[in-house]
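final.tsv (TSV, C-alpha atoms) appears below.
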chain	number	residue	atom	x	y	z
A	1	MET	CA	42.44	15.28	13.35
A	2	PRO	CA	40.91	18.66	12.33
A	3	ALA	CA	41.30	17.68	8.66
A	4	ARG	CA	39.51	14.39	9.30
A	5	SER	CA	36.69	16.15	11.16
A	6	ASN	CA	36.29	18.63	8.31
A	7	PHE	CA	36.18	15.77	5.83
A	8	GLN	CA	33.46	13.94	7.80
A	9	GLU	CA	31.45	17.15	8.12
A	10	ALA	CA	31.72	17.71	4.36
A	11	ILE	CA	30.38	14.19	3.73
A	12	ARG	CA	27.41	14.81	6.05
A	13	GLU	CA	26.64	18.10	4.31
A	14	ALA	CA	26.83	16.44	0.89
A	15	GLN	CA	24.47	13.69	2.01
A	16	SER	CA	21.98	16.12	3.55
A	17	SER	CA	22.07	18.35	0.47
A	18	ALA	CA	20.74	15.43	-1.59
A	19	LEU	CA	17.62	15.34	0.58
A	20	VAL	CA	14.75	17.48	-0.62
A	21	GLY	CA	12.78	16.96	2.59
A	22	PRO	CA	14.92	15.58	5.43
A	23	ASN	CA	11.95	15.62	7.83
A	24	VAL	CA	9.18	14.56	5.45
A	25	VAL	CA	9.11	10.92	6.57
A	26	ASN	CA	8.70	11.76	10.25
A	27	LYS	CA	5.98	14.29	9.40
A	28	ALA	CA	4.17	11.78	7.17
A	29	LEU	CA	4.17	8.75	9.49
A	30	PRO	CA	1.36	9.94	11.84
A	31	TYR	CA	-0.88	10.41	8.82
A	32	VAL	CA	0.00	6.96	7.51
A	33	GLY	CA	-1.02	5.48	10.86
A	34	GLY	CA	-4.18	7.57	10.92
A	35	GLY	CA	-5.04	6.39	7.42
A	36	MET	CA	-4.70	2.76	8.50
A	37	VAL	CA	-7.04	3.36	11.46
A	38	LEU	CA	-9.58	5.03	9.19
A	39	THR	CA	-9.31	2.11	6.77
A	40	ALA	CA	-10.16	-0.28	9.60
A	41	ALA	CA	-13.17	1.93	10.39
A	42	GLY	CA	-14.15	1.76	6.71
A	43	VAL	CA	-14.01	-2.05	6.84
A	44	ALA	CA	-16.21	-1.99	9.95
A	45	GLY	CA	-18.67	0.23	8.11
A	46	GLY	CA	-18.59	-2.14	5.15
A	47	LEU	CA	-19.32	-5.13	7.39
A	48	ALA	CA	-22.27	-3.28	8.91
A	49	THR	CA	-23.57	-2.41	5.43
A	50	LEU	CA	-23.14	-6.03	4.33
A	51	ALA	CA	-25.12	-7.26	7.32
A	52	SER	CA	-27.87	-4.72	6.63
A	53	LEU	CA	-28.24	-5.02	2.85
A	54	GLY	CA	-27.01	-8.53	2.20
A	55	PRO	CA	-24.39	-9.65	-0.35
A	56	VAL	CA	-26.25	-8.47	-3.46
A	57	GLY	CA	-27.01	-4.98	-2.17
A	58	PHE	CA	-23.53	-4.57	-0.76
A	59	GLN	CA	-21.92	-5.67	-4.02
A	60	GLY	CA	-23.82	-2.98	-5.89
A	61	ILE	CA	-22.79	-0.25	-3.48
A	62	SER	CA	-19.16	-1.43	-3.52
A	63	PHE	CA	-19.09	-1.26	-7.29
A	64	VAL	CA	-20.46	2.29	-7.28
A	65	ALA	CA	-18.01	3.34	-4.51
A	66	ILE	CA	-15.03	2.61	-6.77
A	67	ILE	CA	-15.85	5.67	-8.91
A	68	PRO	CA	-15.56	8.31	-6.13
A	69	TRP	CA	-12.61	6.32	-4.74
A	70	PHE	CA	-10.63	6.90	-7.94
A	71	ILE	CA	-11.71	10.54	-8.17
A	72	LEU	CA	-10.72	11.21	-4.55
A	73	PHE	CA	-7.32	9.65	-5.10
A	74	PHE	CA	-6.36	11.91	-7.99
A	75	VAL	CA	-7.84	15.08	-6.48
A	76	ALA	CA	-6.24	14.46	-3.08
A	77	GLN	CA	-2.89	13.56	-4.66
A	78	ASN	CA	-2.90	16.75	-6.71
A	79	ALA	CA	-3.74	18.92	-3.71
A	80	ALA	CA	-1.13	17.24	-1.52
A	81	ASN	CA	1.52	17.43	-4.22
A	82	ARG	CA	1.03	21.21	-4.38
A	83	GLY	CA	1.41	21.40	-0.61
A	84	ASN	CA	-2.24	22.42	-0.17
A	85	ASN	CA	-2.55	20.31	2.97
A	86	GLY	CA	-5.69	22.02	4.27
A	87	THR	CA	-7.60	20.83	1.22
A	88	ALA	CA	-5.86	17.47	0.89
A	89	LEU	CA	-6.38	16.26	4.47
A	90	PRO	CA	-10.21	15.88	4.47
A	91	LEU	CA	-10.00	14.32	1.01
A	92	LEU	CA	-7.46	11.79	2.27
A	93	VAL	CA	-9.65	11.02	5.30
A	94	THR	CA	-12.57	10.22	3.01
A	95	PHE	CA	-10.30	8.25	0.68
A	96	SER	CA	-9.04	6.09	3.56
A	97	LEU	CA	-12.59	5.34	4.71
A	98	LEU	CA	-13.64	4.38	1.17
A	99	THR	CA	-10.54	2.21	0.81
A	100	GLY	CA	-11.61	0.24	3.86
A	101	PHE	CA	-15.13	-0.05	2.50
A	102	THR	CA	-13.86	-1.48	-0.79
A	103	LEU	CA	-11.63	-3.96	1.09
A	104	THR	CA	-14.60	-5.44	2.96
A	105	SER	CA	-15.25	-8.22	0.42
A	106	LEU	CA	-11.62	-9.36	0.57
A	107	VAL	CA	-11.66	-9.37	4.37
A	108	VAL	CA	-14.90	-11.36	4.47
A	109	ARG	CA	-13.51	-13.90	2.01
A	110	ALA	CA	-10.26	-14.26	3.95
A	111	VAL	CA	-12.18	-14.90	7.19
A	112	ALA	CA	-14.42	-17.45	5.44
A	113	VAL	CA	-11.46	-19.30	3.94
A	114	ALA	CA	-8.79	-19.10	6.64
A	115	GLY	CA	-10.56	-17.81	9.75
A	116	ALA	CA	-10.27	-14.51	11.60
A	117	GLY	CA	-6.62	-15.26	12.30
A	118	ALA	CA	-5.84	-14.46	8.67
A	119	ILE	CA	-6.53	-10.78	9.34
A	120	GLY	CA	-4.20	-10.78	12.34
A	121	THR	CA	-1.50	-12.61	10.37
A	122	ALA	CA	-1.68	-10.12	7.50
A	123	ALA	CA	-1.66	-7.15	9.88
A	124	LEU	CA	1.30	-8.54	11.85
A	125	ALA	CA	3.30	-9.27	8.69
A	126	THR	CA	2.58	-5.76	7.41
A	127	GLY	CA	3.65	-4.23	10.72
A	128	ILE	CA	6.89	-6.24	10.83
A	129	THR	CA	7.66	-5.14	7.28
A	130	PHE	CA	7.13	-1.52	8.29
A	131	VAL	CA	9.52	-1.77	11.25
A	132	ILE	CA	12.27	-3.43	9.23
A	133	ALA	CA	11.79	-1.14	6.23
A	134	SER	CA	11.88	1.93	8.47
A	135	PHE	CA	15.25	0.91	9.87
A	136	VAL	CA	16.86	-0.35	6.66
A	137	GLY	CA	15.28	2.00	4.12
A	138	ARG	CA	16.51	5.15	5.84
A	139	ARG	CA	20.07	3.82	5.76
A	140	MET	CA	20.29	2.51	2.21
A	141	SER	CA	23.10	3.85	0.05
A	142	ASP	CA	22.28	5.61	-3.19
A	143	SER	CA	23.51	2.69	-5.28
A	144	ILE	CA	21.31	0.17	-3.44
A	145	GLY	CA	18.34	2.52	-3.18
A	146	GLN	CA	18.36	3.44	-6.85
A	147	ALA	CA	18.85	-0.17	-7.94
A	148	LEU	CA	16.02	-1.40	-5.72
A	149	SER	CA	13.77	1.42	-6.96
A	150	GLY	CA	14.36	0.33	-10.55
A	151	VAL	CA	13.66	-3.33	-9.78
A	152	VAL	CA	10.48	-2.50	-7.88
A	153	SER	CA	9.25	-0.24	-10.69
A	154	LEU	CA	9.68	-3.07	-13.19
A	155	GLY	CA	7.98	-5.41	-10.74
A	156	LEU	CA	4.96	-3.10	-10.49
A	157	VAL	CA	4.63	-3.03	-14.27
A	158	GLY	CA	4.87	-6.82	-14.43
A	159	LEU	CA	2.32	-7.18	-11.63
A	160	LEU	CA	-0.14	-4.87	-13.37
A	161	ILE	CA	0.22	-6.80	-16.64
A	162	ALA	CA	-0.30	-10.13	-14.85
A	163	MET	CA	-3.43	-8.85	-13.10
A	164	VAL	CA	-4.91	-7.52	-16.36
A	165	VAL	CA	-4.14	-10.83	-18.08
A	166	GLN	CA	-5.82	-12.71	-15.23
A	167	ILE	CA	-8.96	-10.52	-15.33
A	168	VAL	CA	-9.33	-10.63	-19.11
A	169	GLY	CA	-8.36	-14.30	-19.31
A	170	SER	CA	-10.83	-15.35	-16.62
A	171	ILE	CA	-13.62	-13.79	-18.70
A	172	PHE	CA	-12.74	-15.45	-22.01
A	173	ALA	CA	-10.92	-18.59	-20.82
A	174	PRO	CA	-11.88	-19.27	-17.19
A	175	GLY	CA	-10.55	-22.79	-17.34
A	176	MET	CA	-7.06	-21.54	-18.13
A	177	PHE	CA	-6.86	-18.27	-16.19
A	178	GLY	CA	-9.41	-18.75	-13.41
A	179	GLY	CA	-7.50	-21.40	-11.48
A	180	ASN	CA	-5.92	-21.05	-8.06
A	181	ALA	CA	-2.36	-21.55	-9.34
A	182	LEU	CA	-2.33	-18.21	-11.18
A	183	SER	CA	-3.93	-16.46	-8.20
A	184	LEU	CA	-1.24	-17.90	-5.94
A	185	MET	CA	1.51	-16.74	-8.28
A	186	ILE	CA	0.11	-13.19	-8.55
A	187	ALA	CA	-0.52	-12.93	-4.81
A	188	GLY	CA	3.01	-14.09	-4.02
A	189	PHE	CA	4.57	-11.81	-6.61
A	190	GLY	CA	2.48	-8.85	-5.42
A	191	THR	CA	3.55	-9.45	-1.83
A	192	VAL	CA	7.23	-9.46	-2.81
A	193	VAL	CA	6.84	-6.30	-4.92
A	194	PHE	CA	5.16	-4.32	-2.15
A	195	VAL	CA	7.65	-5.52	0.45
A	196	GLY	CA	10.33	-4.07	-1.82
A	197	LEU	CA	8.31	-0.89	-2.26
A	198	ALA	CA	8.08	-0.53	1.52
A	199	PHE	CA	11.88	-0.26	1.65
A	200	VAL	CA	11.97	2.04	-1.37
A	201	ASP	CA	9.48	4.47	0.21
A	202	PHE	CA	11.79	5.28	3.09
A	203	TYR	CA	14.65	5.88	0.67
A	204	THR	CA	12.83	7.91	-1.99
A	205	MET	CA	10.46	10.07	0.08
A	206	PRO	CA	13.07	12.48	1.51
A	207	ARG	CA	14.70	12.66	-1.92
A	208	THR	CA	11.43	13.37	-3.75
A	209	TYR	CA	9.20	15.49	-1.52
A	210	SER	CA	9.84	18.65	0.46
A	211	ASP	CA	8.90	18.82	4.12
A	212	ASP	CA	5.69	20.66	3.18
A	213	GLN	CA	4.63	17.78	0.92
A	214	TYR	CA	4.31	15.30	3.77
A	215	LEU	CA	0.71	14.42	2.88
A	216	VAL	CA	1.52	13.26	-0.65
A	217	GLY	CA	4.36	11.22	0.82
A	218	ALA	CA	1.98	9.80	3.41
A	219	LEU	CA	-0.49	8.88	0.66
A	220	GLY	CA	2.16	6.93	-1.25
A	221	MET	CA	3.35	5.09	1.84
A	222	TYR	CA	-0.24	4.40	2.93
A	223	LEU	CA	-1.02	2.82	-0.43
A	224	THR	CA	2.11	0.67	-0.17
A	225	TYR	CA	1.06	-0.87	3.14
A	226	ILE	CA	-2.62	-1.20	2.25
A	227	ASN	CA	-1.67	-3.05	-0.93
A	228	LEU	CA	0.82	-5.19	0.99
A	229	PHE	CA	-1.89	-6.11	3.50
A	230	ALA	CA	-4.32	-6.93	0.67
A	231	PHE	CA	-1.82	-9.10	-1.23
A	232	ILE	CA	-0.90	-11.01	1.94
A	233	LEU	CA	-4.60	-11.74	2.47
A	234	GLN	CA	-4.88	-12.91	-1.14
A	235	LEU	CA	-1.80	-15.09	-0.63
A	236	ILE	CA	-3.36	-16.67	2.46
A	237	ILE	CA	-6.58	-17.32	0.53
A	238	ALA	CA	-4.67	-18.87	-2.38
A	239	LEU	CA	-2.60	-21.05	-0.05
A	240	GLN	CA	-5.86	-22.36	1.44
A	241	GLY	CA	-7.00	-23.36	-2.04
A	242	GLY	CA	-9.16	-20.29	-2.61
A	243	GLY	CA	-12.29	-22.01	-1.35
A	244	ARG	CA	-14.31	-21.95	1.82
A	245	ARG	CA	-13.34	-24.15	4.69
A	246	ASP	CA	-15.53	-27.09	5.48
Using the file provided, produce a representation of the structure as C-alpha cells.
Amino acid sequence: MPARSNFQEAIREAQSSALVGPNVVNKALPYVGGGMVLTAAGVAGGLATLASLGPVGFQGISFVAIIPWFILFFVAQNAANRGNNGTALPLLVTFSLLTGFTLTSLVVRAVAVAGAGAIGTAALATGITFVIASFVGRRMSDSIGQALSGVVSLGLVGLLIAMVVQIVGSIFAPGMFGGNALSLMIAGFGTVVFVGLAFVDFYTMPRTYSDDQYLVGALGMYLTYINLFAFILQLIIALQGGGRRD
C-alpha cells in the first residue's frame, strides 16, 4: 500500500510539473466574464450611435474604429504577455468595448433576419460550450489535447483562407462567391473550429502561461468565445437565407 501511494503521488507531481501556471485559468476567468459584459456594453453603445447617426454615419465610424481596435489588441497582448497587468488591464477594457462596437452591425443584421431570439440563441450556445469545455478541457490527456490543438490550428488556417477567398471573390466574382451557400459553409466551419478551440484553451492555458500571465490567457479565451458567438450568429443568418424576414 505505501508503494502504491508513493507511485500515485509521483504521478500527480509529474502531471503538475508539466503545468506552467496551474492557477492561471481560475485567475483569468473573471476577466473573461468582465470582457463579455464590456462587449455587450459596446454593442449597446453602437446601437445608440447607429440610432443617432444613421446607417451611413455609423458605417463610417465603424470602419475607422477597426484601426485602433487592431492597435489595442497587439499593444494589450504584448503588455499582458510580459505580465505587465497594470498597463494591460485598461487597454483590454477599451479593446472589449471596441469589440462590441464593431459587432453592432452583425447583431443588427441577425435581429433583422432572425429576430431578437437569435442573440439569445447564440449567447446560450456559447455559454453551454463554455460549461462543457471547462469540464472536459481541464481533464484532457496530453495525447488528446495535443492532437486536438493540432487539428484546431489547421482548422484556423483553413478558415482564414476561406474567408479571404470569399472576400476577394465577392469583389471580382460576386455571382460565384457572394452566394449564401458559401457563407453557410464558412459560418458552420467557423463555429466548429471555435468550439474546438474552446476545449483547447482550457488544456493549453496552464501549459503555456504562468499564473502572472492571466490577462494574456484571458484575452485568448475571450477572443475564442467572442468569435464563437459571432460565427453562431452568422450561421443563424445563413440558415435563414441571409436576407431580411418579410
Checklist entry - Which polymer residues have any atom within 10 Å of an atom of Phe189 of chain A, counting only C-alpha atoms, with same-chain residues fewer than 6 positions away left out, as a PyMOL selection string? => result chain A and resi 155-156+158-159+162+183+195+231+235
Next on the checklist: What's the separation between atom CA of Thr94 of chain A and atom CA of Val193 of chain A, in Å to one decimal place?
Outcome noted: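 Interatomic distance, atom CA of Thr94 of chain A to atom CA of Val193 of chain A: 26.7 Å.
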Next on the checklist: Using all atoms listed in the file for the distances, tell me which of A:Val56, A:Ile186, A:Val75, A:Ile67 is nearest to Leu92 of chain A.
Outcome noted: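 With all atoms listed in the file as the atom set, the closest residue is A:Val75.
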Next on the checklist: Rounded to one decimal, what separation in Å do you get between atom CA of Gln59 of chain A and atom CA of Ala173 of chain A?
Outcome noted: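 For atom CA of Gln59 of chain A relative to atom CA of Ala173 of chain A, the distance reads 23.9 Å.
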Cut-off 10 Å: closest segment 203-230 of chain A/segment 127-132 of chain A atom pairs per residue, using all atoms listed in the file, as JSON lines:
{"residue": "A:Met221", "atom": "CA", "partner": "A:Phe130", "partner_atom": "CA", "distance": 10.0}
{"residue": "A:Tyr225", "atom": "CA", "partner": "A:Phe130", "partner_atom": "CA", "distance": 8.0}
{"residue": "A:Leu228", "atom": "CA", "partner": "A:Thr129", "partner_atom": "CA", "distance": 9.3}
{"residue": "A:Phe229", "atom": "CA", "partner": "A:Gly127", "partner_atom": "CA", "distance": 9.3}
Checklist entry - Got a sec: who's within 9 Å of Asp212 of chain A, counting all atoms listed in the file, leaving out chain neighbours fewer than 5 positions off, as a list in words? => result Gly21, Val24, Lys27, Ala80, Arg82, Gly83, Asn84 and Asn85 of chain A
Checklist entry - A:Ala88, A:Leu223, A:Phe58, A:Gln234: which is nearest Gly46 of chain A, counting only C-alpha atoms? => result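 Looking only at the distances to Gly46 of chain A, the closest residue turns out to be A:Phe58.
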Checklist entry - Any idea what's packed within 12 Å of Pro55 of chain A, counting all atoms listed in the file, ignoring anything in its chain fewer than 4 positions away? Could you give it as a list in words? => result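 Those residues are Gly46, Leu47, Ala48, Thr49, Leu50, Ala51, Gln59, Gly60, Ile61, Ser62, Thr104, Ser105, Val108 and Arg109 of chain A.
Our summary of the geometry notes that atom CA of Phe199 of chain A is positioned 11.9 Å from atom CA of Ala147 of chain A.
Comparing the minimum interatomic distances between Asp201 of chain A and each of A:Leu91, A:Ala238, A:Ala133, A:Val37, counting all atoms listed in the file, we find that A:Ala133 sits nearest.
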Checklist entry - Counting only C-alpha atoms, which of A:Pro30, A:Gly150, A:Pro22, A:Gly45 gets nearest to Leu97 of chain A? => result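 Comparing A:Pro30, A:Gly150, A:Pro22, A:Gly45 against Leu97 of chain A, the winner is A:Gly45.
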What are the centre and the three edge lengths of an axis-aligned box that wraps all atoms of segment 166-172 of chain A in the file, given that 5 Å is added to every side, written as JSON and rounded to one decimal in Å?
{"center_x": -9.7, "center_y": -13.0, "center_z": -18.6, "size_x": 17.8, "size_y": 14.9, "size_z": 16.8}
Checklist entry - For Val151 of chain A, which of A:Ile167, A:Ala114, A:Leu197, A:Ala230 is the closest residue, counting all atoms listed in the file? => result A:Leu197
Checklist entry - With all atoms listed in the file as the basis for distance, which of A:Ile66, A:Val93, A:Val107, A:Leu148 is at the shortest distance from Ile119 of chain A? => result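 For Ile119 of chain A, the nearest of the given residues is A:Val107.
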Next on the checklist: Could you list, as a list in words, every residue within 12 Å of Ser96 of chain A, counting all atoms listed in the file and ignoring same-chain residues fewer than 6 positions away?
Outcome noted: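 The neighbour list is Tyr31, Val32, Gly33, Gly34, Gly35, Met36, Val37, Leu38, Thr39, Ala40, Ala41, Gly42, Val43, Pro68, Trp69, Phe70, Leu72, Phe73, Ala76, Leu89, Pro90, Thr102, Leu103, Ala218, Leu219, Tyr222, Leu223 and Ile226 of chain A.
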Item to check | Residues near Tyr209 of chain A, cut-off 6 Å, only C-alpha atoms, skip fewer than 2 positions along chain, as a list in words | outcome: Val20, Gly21, Met205, Pro206 and Gln213 of chain A
Starting from the sparse input, extend segment 179-197 of chain A to N, CA and C atoms and give the output as a PDB file, keeping the file's coordinate frame.
ATOM      1  N   GLY A 179      -7.935 -20.442 -12.486  1.00  0.00           N
ATOM      2  CA  GLY A 179      -7.500 -21.400 -11.480  1.00  0.00           C
ATOM      3  C   GLY A 179      -6.765 -20.759 -10.308  1.00  0.00           C
ATOM      4  N   ASN A 180      -6.569 -21.551  -9.264  1.00  0.00           N
ATOM      5  CA  ASN A 180      -5.920 -21.050  -8.060  1.00  0.00           C
ATOM      6  C   ASN A 180      -4.419 -20.883  -8.233  1.00  0.00           C
ATOM      7  N   ALA A 181      -3.812 -21.623  -9.160  1.00  0.00           N
ATOM      8  CA  ALA A 181      -2.360 -21.550  -9.340  1.00  0.00           C
ATOM      9  C   ALA A 181      -1.936 -20.143  -9.774  1.00  0.00           C
ATOM     10  N   LEU A 182      -2.660 -19.560 -10.721  1.00  0.00           N
ATOM     11  CA  LEU A 182      -2.330 -18.210 -11.180  1.00  0.00           C
ATOM     12  C   LEU A 182      -2.570 -17.195 -10.078  1.00  0.00           C
ATOM     13  N   SER A 183      -3.652 -17.374  -9.322  1.00  0.00           N
ATOM     14  CA  SER A 183      -3.930 -16.460  -8.200  1.00  0.00           C
ATOM     15  C   SER A 183      -2.822 -16.531  -7.164  1.00  0.00           C
ATOM     16  N   LEU A 184      -2.329 -17.733  -6.889  1.00  0.00           N
ATOM     17  CA  LEU A 184      -1.240 -17.900  -5.940  1.00  0.00           C
ATOM     18  C   LEU A 184       0.021 -17.219  -6.432  1.00  0.00           C
ATOM     19  N   MET A 185       0.315 -17.355  -7.721  1.00  0.00           N
ATOM     20  CA  MET A 185       1.510 -16.740  -8.280  1.00  0.00           C
ATOM     21  C   MET A 185       1.426 -15.209  -8.197  1.00  0.00           C
ATOM     22  N   ILE A 186       0.276 -14.649  -8.563  1.00  0.00           N
ATOM     23  CA  ILE A 186       0.110 -13.190  -8.550  1.00  0.00           C
ATOM     24  C   ILE A 186       0.148 -12.670  -7.119  1.00  0.00           C
ATOM     25  N   ALA A 187      -0.508 -13.366  -6.207  1.00  0.00           N
ATOM     26  CA  ALA A 187      -0.520 -12.930  -4.810  1.00  0.00           C
ATOM     27  C   ALA A 187       0.895 -12.951  -4.223  1.00  0.00           C
ATOM     28  N   GLY A 188       1.639 -14.004  -4.511  1.00  0.00           N
ATOM     29  CA  GLY A 188       3.010 -14.090  -4.020  1.00  0.00           C
ATOM     30  C   GLY A 188       3.900 -13.017  -4.622  1.00  0.00           C
ATOM     31  N   PHE A 189       3.772 -12.820  -5.927  1.00  0.00           N
ATOM     32  CA  PHE A 189       4.570 -11.810  -6.610  1.00  0.00           C
ATOM     33  C   PHE A 189       4.211 -10.407  -6.102  1.00  0.00           C
ATOM     34  N   GLY A 190       2.911 -10.148  -5.930  1.00  0.00           N
ATOM     35  CA  GLY A 190       2.480  -8.850  -5.420  1.00  0.00           C
ATOM     36  C   GLY A 190       3.002  -8.582  -4.017  1.00  0.00           C
ATOM     37  N   THR A 191       3.017  -9.608  -3.193  1.00  0.00           N
ATOM     38  CA  THR A 191       3.550  -9.450  -1.830  1.00  0.00           C
ATOM     39  C   THR A 191       5.020  -9.075  -1.865  1.00  0.00           C
ATOM     40  N   VAL A 192       5.795  -9.753  -2.697  1.00  0.00           N
ATOM     41  CA  VAL A 192       7.230  -9.460  -2.810  1.00  0.00           C
ATOM     42  C   VAL A 192       7.450  -8.036  -3.323  1.00  0.00           C
ATOM     43  N   VAL A 193       6.685  -7.637  -4.338  1.00  0.00           N
ATOM     44  CA  VAL A 193       6.840  -6.300  -4.920  1.00  0.00           C
ATOM     45  C   VAL A 193       6.567  -5.218  -3.881  1.00  0.00           C
ATOM     46  N   PHE A 194       5.501  -5.366  -3.110  1.00  0.00           N
ATOM     47  CA  PHE A 194       5.160  -4.320  -2.150  1.00  0.00           C
ATOM     48  C   PHE A 194       6.033  -4.357  -0.896  1.00  0.00           C
ATOM     49  N   VAL A 195       6.613  -5.501  -0.588  1.00  0.00           N
ATOM     50  CA  VAL A 195       7.650  -5.520   0.450  1.00  0.00           C
ATOM     51  C   VAL A 195       8.835  -4.689  -0.016  1.00  0.00           C
ATOM     52  N   GLY A 196       9.244  -4.890  -1.273  1.00  0.00           N
ATOM     53  CA  GLY A 196      10.330  -4.070  -1.820  1.00  0.00           C
ATOM     54  C   GLY A 196       9.977  -2.604  -1.840  1.00  0.00           C
ATOM     55  N   LEU A 197       8.738  -2.283  -2.203  1.00  0.00           N
ATOM     56  CA  LEU A 197       8.310  -0.890  -2.260  1.00  0.00           C
ATOM     57  C   LEU A 197       8.304  -0.256  -0.868  1.00  0.00           C
TER      58      LEU A 197
END
